[in-house]
>>> print(open('entry.cif').read())   # mmCIF, N, CA and C atoms
data_start
loop_
_atom_site.label_atom_id
_atom_site.label_comp_id
_atom_site.auth_asym_id
_atom_site.auth_seq_id
_atom_site.Cartn_x
_atom_site.Cartn_y
_atom_site.Cartn_z
N MET A 6 0.82 -1.19 0.00
CA MET A 6 0.00 0.00 0.00
C MET A 6 0.87 1.26 0.00
N LYS A 7 1.97 1.21 0.79
CA LYS A 7 2.87 2.36 0.83
C LYS A 7 3.50 2.62 -0.52
N ASP A 8 3.83 1.57 -1.23
CA ASP A 8 4.44 1.73 -2.55
C ASP A 8 3.49 2.42 -3.52
N LYS A 9 2.21 2.09 -3.42
CA LYS A 9 1.22 2.71 -4.31
C LYS A 9 1.09 4.20 -4.01
N LYS A 10 1.12 4.58 -2.73
CA LYS A 10 1.03 5.99 -2.35
C LYS A 10 2.26 6.76 -2.83
N LYS A 11 3.44 6.10 -2.73
CA LYS A 11 4.66 6.74 -3.20
C LYS A 11 4.61 6.98 -4.70
N VAL A 12 4.13 6.02 -5.43
CA VAL A 12 4.04 6.14 -6.88
C VAL A 12 3.07 7.27 -7.25
N ILE A 13 1.95 7.33 -6.58
CA ILE A 13 0.97 8.39 -6.85
C ILE A 13 1.56 9.76 -6.51
N PHE A 14 2.23 9.85 -5.36
CA PHE A 14 2.84 11.13 -4.96
C PHE A 14 3.86 11.59 -5.98
N TRP A 15 4.78 10.73 -6.37
CA TRP A 15 5.82 11.11 -7.32
C TRP A 15 5.25 11.38 -8.70
N SER A 16 4.21 10.68 -9.06
CA SER A 16 3.56 10.93 -10.36
C SER A 16 2.92 12.32 -10.38
N LEU A 17 2.21 12.64 -9.30
CA LEU A 17 1.59 13.97 -9.22
C LEU A 17 2.64 15.07 -9.19
N LEU A 18 3.70 14.84 -8.46
CA LEU A 18 4.79 15.81 -8.40
C LEU A 18 5.41 16.03 -9.78
N LEU A 19 5.62 14.96 -10.50
CA LEU A 19 6.17 15.05 -11.85
C LEU A 19 5.22 15.81 -12.78
N ILE A 20 3.94 15.54 -12.69
CA ILE A 20 2.95 16.22 -13.53
C ILE A 20 2.95 17.72 -13.23
N ILE A 21 3.02 18.08 -11.95
CA ILE A 21 3.04 19.50 -11.56
C ILE A 21 4.29 20.18 -12.11
N ILE A 22 5.42 19.52 -12.00
CA ILE A 22 6.67 20.09 -12.50
C ILE A 22 6.62 20.27 -14.01
N VAL A 23 6.09 19.29 -14.72
CA VAL A 23 5.98 19.40 -16.18
C VAL A 23 5.04 20.54 -16.56
N LEU A 24 3.91 20.67 -15.87
CA LEU A 24 2.97 21.76 -16.18
C LEU A 24 3.58 23.13 -15.91
N LEU A 25 4.31 23.26 -14.80
CA LEU A 25 4.98 24.53 -14.52
C LEU A 25 6.04 24.85 -15.56
N THR A 26 6.76 23.84 -15.99
CA THR A 26 7.77 24.04 -17.02
C THR A 26 7.13 24.52 -18.32
N ILE A 27 6.02 23.92 -18.68
CA ILE A 27 5.30 24.33 -19.90
C ILE A 27 4.80 25.77 -19.75
N LEU A 28 4.24 26.09 -18.60
CA LEU A 28 3.74 27.44 -18.36
C LEU A 28 4.85 28.48 -18.53
N PHE A 29 5.98 28.27 -17.89
CA PHE A 29 7.07 29.22 -17.99
C PHE A 29 7.68 29.26 -19.38
N ALA A 30 7.70 28.14 -20.07
CA ALA A 30 8.22 28.12 -21.44
C ALA A 30 7.32 28.94 -22.37
N VAL A 31 6.02 28.83 -22.20
CA VAL A 31 5.08 29.60 -23.03
C VAL A 31 5.22 31.09 -22.74
N ARG A 32 5.31 31.45 -21.48
CA ARG A 32 5.48 32.87 -21.12
C ARG A 32 6.77 33.43 -21.68
N THR A 33 7.84 32.66 -21.60
CA THR A 33 9.12 33.09 -22.13
C THR A 33 9.04 33.25 -23.64
N ALA A 34 8.39 32.33 -24.31
CA ALA A 34 8.25 32.42 -25.77
C ALA A 34 7.45 33.66 -26.17
N GLN A 35 6.40 33.98 -25.42
CA GLN A 35 5.60 35.17 -25.72
C GLN A 35 6.43 36.43 -25.54
N LYS A 36 7.18 36.52 -24.46
CA LYS A 36 8.03 37.69 -24.23
C LYS A 36 9.09 37.82 -25.31
N TYR A 37 9.66 36.70 -25.73
CA TYR A 37 10.67 36.72 -26.78
C TYR A 37 10.07 37.20 -28.10
N GLU A 38 8.89 36.74 -28.43
CA GLU A 38 8.24 37.18 -29.67
C GLU A 38 7.99 38.68 -29.66
N THR A 39 7.52 39.20 -28.53
CA THR A 39 7.32 40.65 -28.42
C THR A 39 8.64 41.38 -28.60
N TRP A 40 9.67 40.90 -27.95
CA TRP A 40 10.98 41.53 -28.06
C TRP A 40 11.49 41.45 -29.50
N LYS A 41 11.35 40.29 -30.13
CA LYS A 41 11.86 40.10 -31.49
C LYS A 41 11.14 41.02 -32.48
N GLN A 42 9.84 41.17 -32.32
CA GLN A 42 9.07 42.02 -33.24
C GLN A 42 9.41 43.49 -33.08
N HIS A 43 9.82 43.89 -31.88
CA HIS A 43 10.03 45.30 -31.60
C HIS A 43 11.46 45.60 -31.15
N THR A 44 12.40 44.75 -31.52
CA THR A 44 13.77 44.90 -31.05
C THR A 44 14.40 46.22 -31.47
N ASP A 45 14.17 46.66 -32.71
CA ASP A 45 14.75 47.93 -33.17
C ASP A 45 14.21 49.10 -32.36
N TYR A 46 12.91 49.06 -32.09
CA TYR A 46 12.30 50.13 -31.29
C TYR A 46 12.88 50.13 -29.88
N LEU A 47 12.99 48.95 -29.29
CA LEU A 47 13.47 48.85 -27.91
C LEU A 47 14.93 49.27 -27.78
N LYS A 48 15.72 49.04 -28.83
CA LYS A 48 17.13 49.43 -28.80
C LYS A 48 17.32 50.92 -29.02
N SER A 49 16.36 51.56 -29.67
CA SER A 49 16.48 53.00 -29.93
C SER A 49 16.20 53.78 -28.65
N GLY A 50 16.48 55.05 -28.70
CA GLY A 50 16.23 55.91 -27.55
C GLY A 50 14.81 56.44 -27.52
N ASN A 51 13.98 55.99 -28.45
CA ASN A 51 12.61 56.47 -28.57
C ASN A 51 11.79 56.04 -27.35
N LYS A 52 11.18 57.01 -26.68
CA LYS A 52 10.39 56.70 -25.49
C LYS A 52 8.90 56.88 -25.73
N THR A 53 8.49 56.98 -26.98
CA THR A 53 7.07 57.13 -27.30
C THR A 53 6.33 55.86 -26.92
N ILE A 54 5.22 56.03 -26.24
CA ILE A 54 4.41 54.89 -25.80
C ILE A 54 3.55 54.41 -26.96
N GLN A 55 3.49 53.10 -27.12
CA GLN A 55 2.68 52.50 -28.18
C GLN A 55 1.78 51.43 -27.58
N ASP A 56 0.75 51.03 -28.35
CA ASP A 56 -0.27 50.13 -27.81
C ASP A 56 0.21 48.70 -27.56
N TRP A 57 1.32 48.29 -28.14
CA TRP A 57 1.82 46.93 -27.92
C TRP A 57 2.62 46.81 -26.62
N MET A 58 2.90 47.92 -25.98
CA MET A 58 3.71 47.91 -24.76
C MET A 58 2.89 47.45 -23.56
N THR A 59 3.57 46.82 -22.61
CA THR A 59 2.94 46.44 -21.35
C THR A 59 3.12 47.57 -20.35
N VAL A 60 2.35 47.52 -19.29
CA VAL A 60 2.45 48.55 -18.26
C VAL A 60 3.86 48.56 -17.66
N ASN A 61 4.41 47.38 -17.38
CA ASN A 61 5.76 47.31 -16.82
C ASN A 61 6.80 47.91 -17.77
N LEU A 62 6.65 47.65 -19.05
CA LEU A 62 7.59 48.20 -20.03
C LEU A 62 7.50 49.73 -20.07
N ILE A 63 6.29 50.25 -20.01
CA ILE A 63 6.10 51.70 -20.02
C ILE A 63 6.75 52.32 -18.79
N VAL A 64 6.53 51.71 -17.63
CA VAL A 64 7.13 52.23 -16.39
C VAL A 64 8.65 52.21 -16.48
N ASN A 65 9.21 51.13 -17.00
CA ASN A 65 10.67 51.00 -17.08
C ASN A 65 11.29 51.96 -18.10
N ARG A 66 10.61 52.19 -19.23
CA ARG A 66 11.18 53.04 -20.28
C ARG A 66 10.95 54.53 -20.04
N THR A 67 9.82 54.88 -19.47
CA THR A 67 9.47 56.30 -19.37
C THR A 67 9.53 56.85 -17.96
N GLY A 68 9.41 56.00 -16.96
CA GLY A 68 9.43 56.48 -15.58
C GLY A 68 8.07 56.97 -15.09
N ILE A 69 7.03 56.81 -15.90
CA ILE A 69 5.68 57.19 -15.45
C ILE A 69 5.25 56.19 -14.39
N PRO A 70 4.78 56.65 -13.23
CA PRO A 70 4.35 55.72 -12.19
C PRO A 70 3.14 54.88 -12.63
N LYS A 71 3.09 53.64 -12.14
CA LYS A 71 1.99 52.73 -12.48
C LYS A 71 0.64 53.33 -12.12
N VAL A 72 0.60 54.05 -11.02
CA VAL A 72 -0.67 54.63 -10.56
C VAL A 72 -1.25 55.55 -11.63
N LEU A 73 -0.41 56.37 -12.24
CA LEU A 73 -0.89 57.29 -13.28
C LEU A 73 -1.37 56.52 -14.52
N ILE A 74 -0.66 55.47 -14.87
CA ILE A 74 -1.05 54.68 -16.04
C ILE A 74 -2.42 54.04 -15.80
N TYR A 75 -2.60 53.45 -14.63
CA TYR A 75 -3.88 52.82 -14.33
C TYR A 75 -5.00 53.84 -14.18
N ASN A 76 -4.68 55.04 -13.71
CA ASN A 76 -5.69 56.10 -13.65
C ASN A 76 -6.14 56.49 -15.05
N GLU A 77 -5.20 56.59 -15.98
CA GLU A 77 -5.55 56.91 -17.37
C GLU A 77 -6.40 55.80 -17.99
N LEU A 78 -6.10 54.56 -17.64
CA LEU A 78 -6.87 53.44 -18.17
C LEU A 78 -8.21 53.28 -17.46
N GLY A 79 -8.28 53.78 -16.23
CA GLY A 79 -9.52 53.66 -15.47
C GLY A 79 -9.76 52.26 -14.93
N ILE A 80 -8.68 51.52 -14.70
CA ILE A 80 -8.80 50.15 -14.16
C ILE A 80 -7.90 50.01 -12.95
N ASN A 81 -8.05 48.90 -12.25
CA ASN A 81 -7.26 48.64 -11.05
C ASN A 81 -5.95 47.97 -11.41
N SER A 82 -4.94 48.27 -10.61
CA SER A 82 -3.63 47.65 -10.78
C SER A 82 -3.70 46.19 -10.32
N SER A 83 -3.07 45.31 -11.08
CA SER A 83 -2.97 43.92 -10.66
C SER A 83 -1.74 43.29 -11.31
N PHE A 84 -1.34 42.17 -10.77
CA PHE A 84 -0.17 41.46 -11.28
C PHE A 84 -0.36 41.09 -12.76
N THR A 85 -1.53 40.61 -13.10
CA THR A 85 -1.76 40.20 -14.49
C THR A 85 -1.90 41.40 -15.42
N ASN A 86 -2.51 42.49 -14.95
CA ASN A 86 -2.64 43.67 -15.79
C ASN A 86 -1.29 44.31 -16.08
N ASP A 87 -0.34 44.18 -15.17
CA ASP A 87 0.99 44.74 -15.38
C ASP A 87 1.66 44.12 -16.60
N ARG A 88 1.30 42.91 -16.94
CA ARG A 88 1.98 42.17 -18.00
C ARG A 88 1.18 42.07 -19.30
N LYS A 89 0.04 42.71 -19.35
CA LYS A 89 -0.78 42.70 -20.57
C LYS A 89 -0.45 43.91 -21.42
N HIS A 90 -0.58 43.75 -22.73
CA HIS A 90 -0.38 44.87 -23.65
C HIS A 90 -1.49 45.89 -23.44
N ILE A 91 -1.15 47.15 -23.64
CA ILE A 91 -2.13 48.23 -23.48
C ILE A 91 -3.33 47.98 -24.40
N SER A 92 -3.08 47.51 -25.62
CA SER A 92 -4.19 47.26 -26.54
C SER A 92 -5.14 46.20 -25.99
N ARG A 93 -4.60 45.20 -25.33
CA ARG A 93 -5.45 44.16 -24.75
C ARG A 93 -6.25 44.69 -23.56
N LEU A 94 -5.60 45.49 -22.72
CA LEU A 94 -6.31 46.10 -21.59
C LEU A 94 -7.45 46.99 -22.09
N CYS A 95 -7.18 47.75 -23.15
CA CYS A 95 -8.22 48.62 -23.72
C CYS A 95 -9.38 47.78 -24.27
N GLN A 96 -9.04 46.71 -24.97
CA GLN A 96 -10.07 45.84 -25.56
C GLN A 96 -10.92 45.19 -24.46
N GLU A 97 -10.30 44.71 -23.41
CA GLU A 97 -11.02 44.04 -22.33
C GLU A 97 -11.94 45.00 -21.57
N ASN A 98 -11.58 46.29 -21.54
CA ASN A 98 -12.33 47.26 -20.76
C ASN A 98 -13.10 48.26 -21.62
N ASN A 99 -13.22 47.97 -22.92
CA ASN A 99 -13.95 48.83 -23.86
C ASN A 99 -13.50 50.28 -23.79
N ILE A 100 -12.19 50.48 -23.94
CA ILE A 100 -11.59 51.81 -23.90
C ILE A 100 -11.01 52.11 -25.28
N ASN A 101 -11.06 53.37 -25.70
CA ASN A 101 -10.45 53.77 -26.96
C ASN A 101 -8.94 53.81 -26.76
N CYS A 102 -8.24 52.88 -27.39
CA CYS A 102 -6.80 52.72 -27.17
C CYS A 102 -6.01 53.91 -27.72
N THR A 103 -6.42 54.46 -28.83
CA THR A 103 -5.71 55.59 -29.41
C THR A 103 -5.69 56.77 -28.47
N GLN A 104 -6.83 57.04 -27.83
CA GLN A 104 -6.89 58.16 -26.89
C GLN A 104 -6.04 57.89 -25.65
N VAL A 105 -6.07 56.67 -25.15
CA VAL A 105 -5.28 56.32 -23.96
C VAL A 105 -3.79 56.49 -24.26
N VAL A 106 -3.34 56.00 -25.41
CA VAL A 106 -1.93 56.11 -25.78
C VAL A 106 -1.54 57.57 -25.92
N ALA A 107 -2.41 58.38 -26.51
CA ALA A 107 -2.12 59.81 -26.66
C ALA A 107 -2.01 60.49 -25.28
N ARG A 108 -2.91 60.15 -24.37
CA ARG A 108 -2.85 60.73 -23.02
C ARG A 108 -1.59 60.29 -22.28
N LEU A 109 -1.22 59.00 -22.44
CA LEU A 109 0.00 58.51 -21.79
C LEU A 109 1.24 59.20 -22.37
N ASN A 110 1.25 59.43 -23.69
CA ASN A 110 2.37 60.13 -24.29
C ASN A 110 2.45 61.57 -23.81
N SER A 111 1.31 62.20 -23.58
CA SER A 111 1.34 63.57 -23.06
C SER A 111 1.83 63.58 -21.61
N LEU A 112 1.52 62.52 -20.85
CA LEU A 112 2.07 62.41 -19.48
C LEU A 112 3.58 62.26 -19.51
N GLU A 113 4.07 61.52 -20.47
CA GLU A 113 5.51 61.27 -20.57
C GLU A 113 6.25 62.56 -20.87
N ASP A 114 5.63 63.48 -21.59
CA ASP A 114 6.28 64.73 -21.95
C ASP A 114 6.32 65.72 -20.81
N LYS A 115 5.44 65.55 -19.81
CA LYS A 115 5.40 66.49 -18.70
C LYS A 115 6.57 66.27 -17.75
N PRO A 116 7.24 67.32 -17.38
CA PRO A 116 8.32 67.14 -16.40
C PRO A 116 7.75 66.87 -15.02
N GLY A 117 8.47 66.11 -14.25
CA GLY A 117 8.04 65.82 -12.88
C GLY A 117 7.13 64.64 -12.73
N THR A 118 6.90 63.85 -13.81
CA THR A 118 6.08 62.65 -13.68
C THR A 118 6.95 61.47 -13.37
#
>>> encode(input="entry.cif", output="structure tokens")
Amino acid sequence: MKDKKKVIFWSLLLIIIVLLTILFAVRTAQKYETWKQHTDYLKSGNKTIQDWMTVNLIVNRTGIPKVLIYNELGINSSFTNDRKHISRLCQENNINCTQVVARLNSLEDKPGT
């Protein structure tokens, strides 16, 4: 009976490890694809905000605080929202993405943000 419990335990542990590995591999592949598609932009000194950028990327490139970005979007800050593209956040919340990007770019131009 103990052997059967050990086999079940190790099997479940292996399944969990494989699923976590797949999850992280998919996330890494998605980040790489975004980077590959926009590598020239990311290497340039251009700090213009675009709809394909994530909230974290905007914060890191422009220095605009997350609170201001989420206020412009009119949504709550969350771990998952930090990693979604602005266009996706706009689509999920029925927001005009062009206007949000324009407002965020005007925030970036203001000194002291």
>>> resolve_selection(input="entry.cif", expression="the PyMOL selection byres ((chain A and resi 45-62) around 6)", output="JSON, numbers by chain")
{"A": [42, 43, 44, 63, 64, 65, 66, 67, 86, 87, 88, 89, 90, 91, 92, 106, 110]}
>>> axis_aligned_box(input="entry.cif", around="stretch 83-86 of chain A", padding_each_side="6 Å", output="JSON")
{"center_x": -1.6, "center_y": 42.8, "center_z": -13.4, "size_x": 14.9, "size_y": 17.1, "size_z": 17.4}
>>> atom_distance(input="entry.cif", atom1="atom C of A:Gln96", atom2="atom N of A:Thr39")
19.8 Å
>>> residues_around(input="entry.cif", residues="A:Val72", least_positions_apart="6", cutoff="10 Å", atoms="only C-alpha atoms", output="number ranges by chain")
A: 78, 80-82
>>> atom_distance(input="entry.cif", atom1="atom CA of A:Thr33", atom2="atom N of A:Leu19")
21.8 Å
>>> closest_residue(input="entry.cif", among="A:Leu109, A:Leu17, A:Ile100, A:Ala30", to="A:Pro70", atoms="only C-alpha atoms")
A:Leu109
>>> select_by_dssp(input="entry.cif", residues="chain A", states="helix (DSSP H, G or I)", output="ChimeraX atom specification")
/A:7-42,44-48,60-67,71-78,84-87,91-97,102-114
>>> atom_distance(input="entry.cif", atom1="atom C of A:Ile69", atom2="atom CA of A:Leu112")
8.6 Å
>>> decode(input="entry.cif", residues="stretch 37-53 of chain A", atoms="N, CA and C atoms", output="mmCIF file, in the first residue's frame")
data_model
loop_
_atom_site.group_PDB
_atom_site.id
_atom_site.type_symbol
_atom_site.label_atom_id
_atom_site.label_comp_id
_atom_site.auth_asym_id
_atom_site.auth_seq_id
_atom_site.Cartn_x
_atom_site.Cartn_y
_atom_site.Cartn_z
ATOM 1 N N TYR A 37 9.659 36.697 -25.726
ATOM 2 C CA TYR A 37 10.670 36.717 -26.779
ATOM 3 C C TYR A 37 10.071 37.201 -28.096
ATOM 4 N N GLU A 38 8.890 36.743 -28.428
ATOM 5 C CA GLU A 38 8.236 37.177 -29.668
ATOM 6 C C GLU A 38 7.988 38.677 -29.660
ATOM 7 N N THR A 39 7.525 39.200 -28.528
ATOM 8 C CA THR A 39 7.318 40.649 -28.420
ATOM 9 C C THR A 39 8.638 41.375 -28.603
ATOM 10 N N TRP A 40 9.668 40.896 -27.951
ATOM 11 C CA TRP A 40 10.975 41.526 -28.062
ATOM 12 C C TRP A 40 11.495 41.451 -29.495
ATOM 13 N N LYS A 41 11.349 40.286 -30.133
ATOM 14 C CA LYS A 41 11.856 40.102 -31.494
ATOM 15 C C LYS A 41 11.143 41.018 -32.485
ATOM 16 N N GLN A 42 9.835 41.172 -32.320
ATOM 17 C CA GLN A 42 9.074 42.017 -33.236
ATOM 18 C C GLN A 42 9.414 43.494 -33.076
ATOM 19 N N HIS A 43 9.824 43.888 -31.881
ATOM 20 C CA HIS A 43 10.033 45.305 -31.599
ATOM 21 C C HIS A 43 11.465 45.601 -31.153
ATOM 22 N N THR A 44 12.401 44.750 -31.517
ATOM 23 C CA THR A 44 13.775 44.901 -31.049
ATOM 24 C C THR A 44 14.398 46.221 -31.474
ATOM 25 N N ASP A 45 14.169 46.660 -32.710
ATOM 26 C CA ASP A 45 14.748 47.927 -33.172
ATOM 27 C C ASP A 45 14.211 49.096 -32.359
ATOM 28 N N TYR A 46 12.913 49.062 -32.092
ATOM 29 C CA TYR A 46 12.304 50.130 -31.289
ATOM 30 C C TYR A 46 12.876 50.133 -29.875
ATOM 31 N N LEU A 47 12.986 48.948 -29.286
ATOM 32 C CA LEU A 47 13.466 48.855 -27.907
ATOM 33 C C LEU A 47 14.933 49.265 -27.781
ATOM 34 N N LYS A 48 15.722 49.044 -28.834
ATOM 35 C CA LYS A 48 17.135 49.428 -28.798
ATOM 36 C C LYS A 48 17.318 50.924 -29.023
ATOM 37 N N SER A 49 16.361 51.564 -29.671
ATOM 38 C CA SER A 49 16.484 52.996 -29.928
ATOM 39 C C SER A 49 16.198 53.777 -28.648
ATOM 40 N N GLY A 50 16.484 55.050 -28.695
ATOM 41 C CA GLY A 50 16.226 55.906 -27.545
ATOM 42 C C GLY A 50 14.807 56.440 -27.522
ATOM 43 N N ASN A 51 13.978 55.989 -28.453
ATOM 44 C CA ASN A 51 12.606 56.465 -28.570
ATOM 45 C C ASN A 51 11.794 56.040 -27.349
ATOM 46 N N LYS A 52 11.181 57.012 -26.679
ATOM 47 C CA LYS A 52 10.386 56.699 -25.488
ATOM 48 C C LYS A 52 8.897 56.880 -25.735
ATOM 49 N N THR A 53 8.488 56.985 -26.982
ATOM 50 C CA THR A 53 7.072 57.133 -27.300
ATOM 51 C C THR A 53 6.330 55.856 -26.918
#
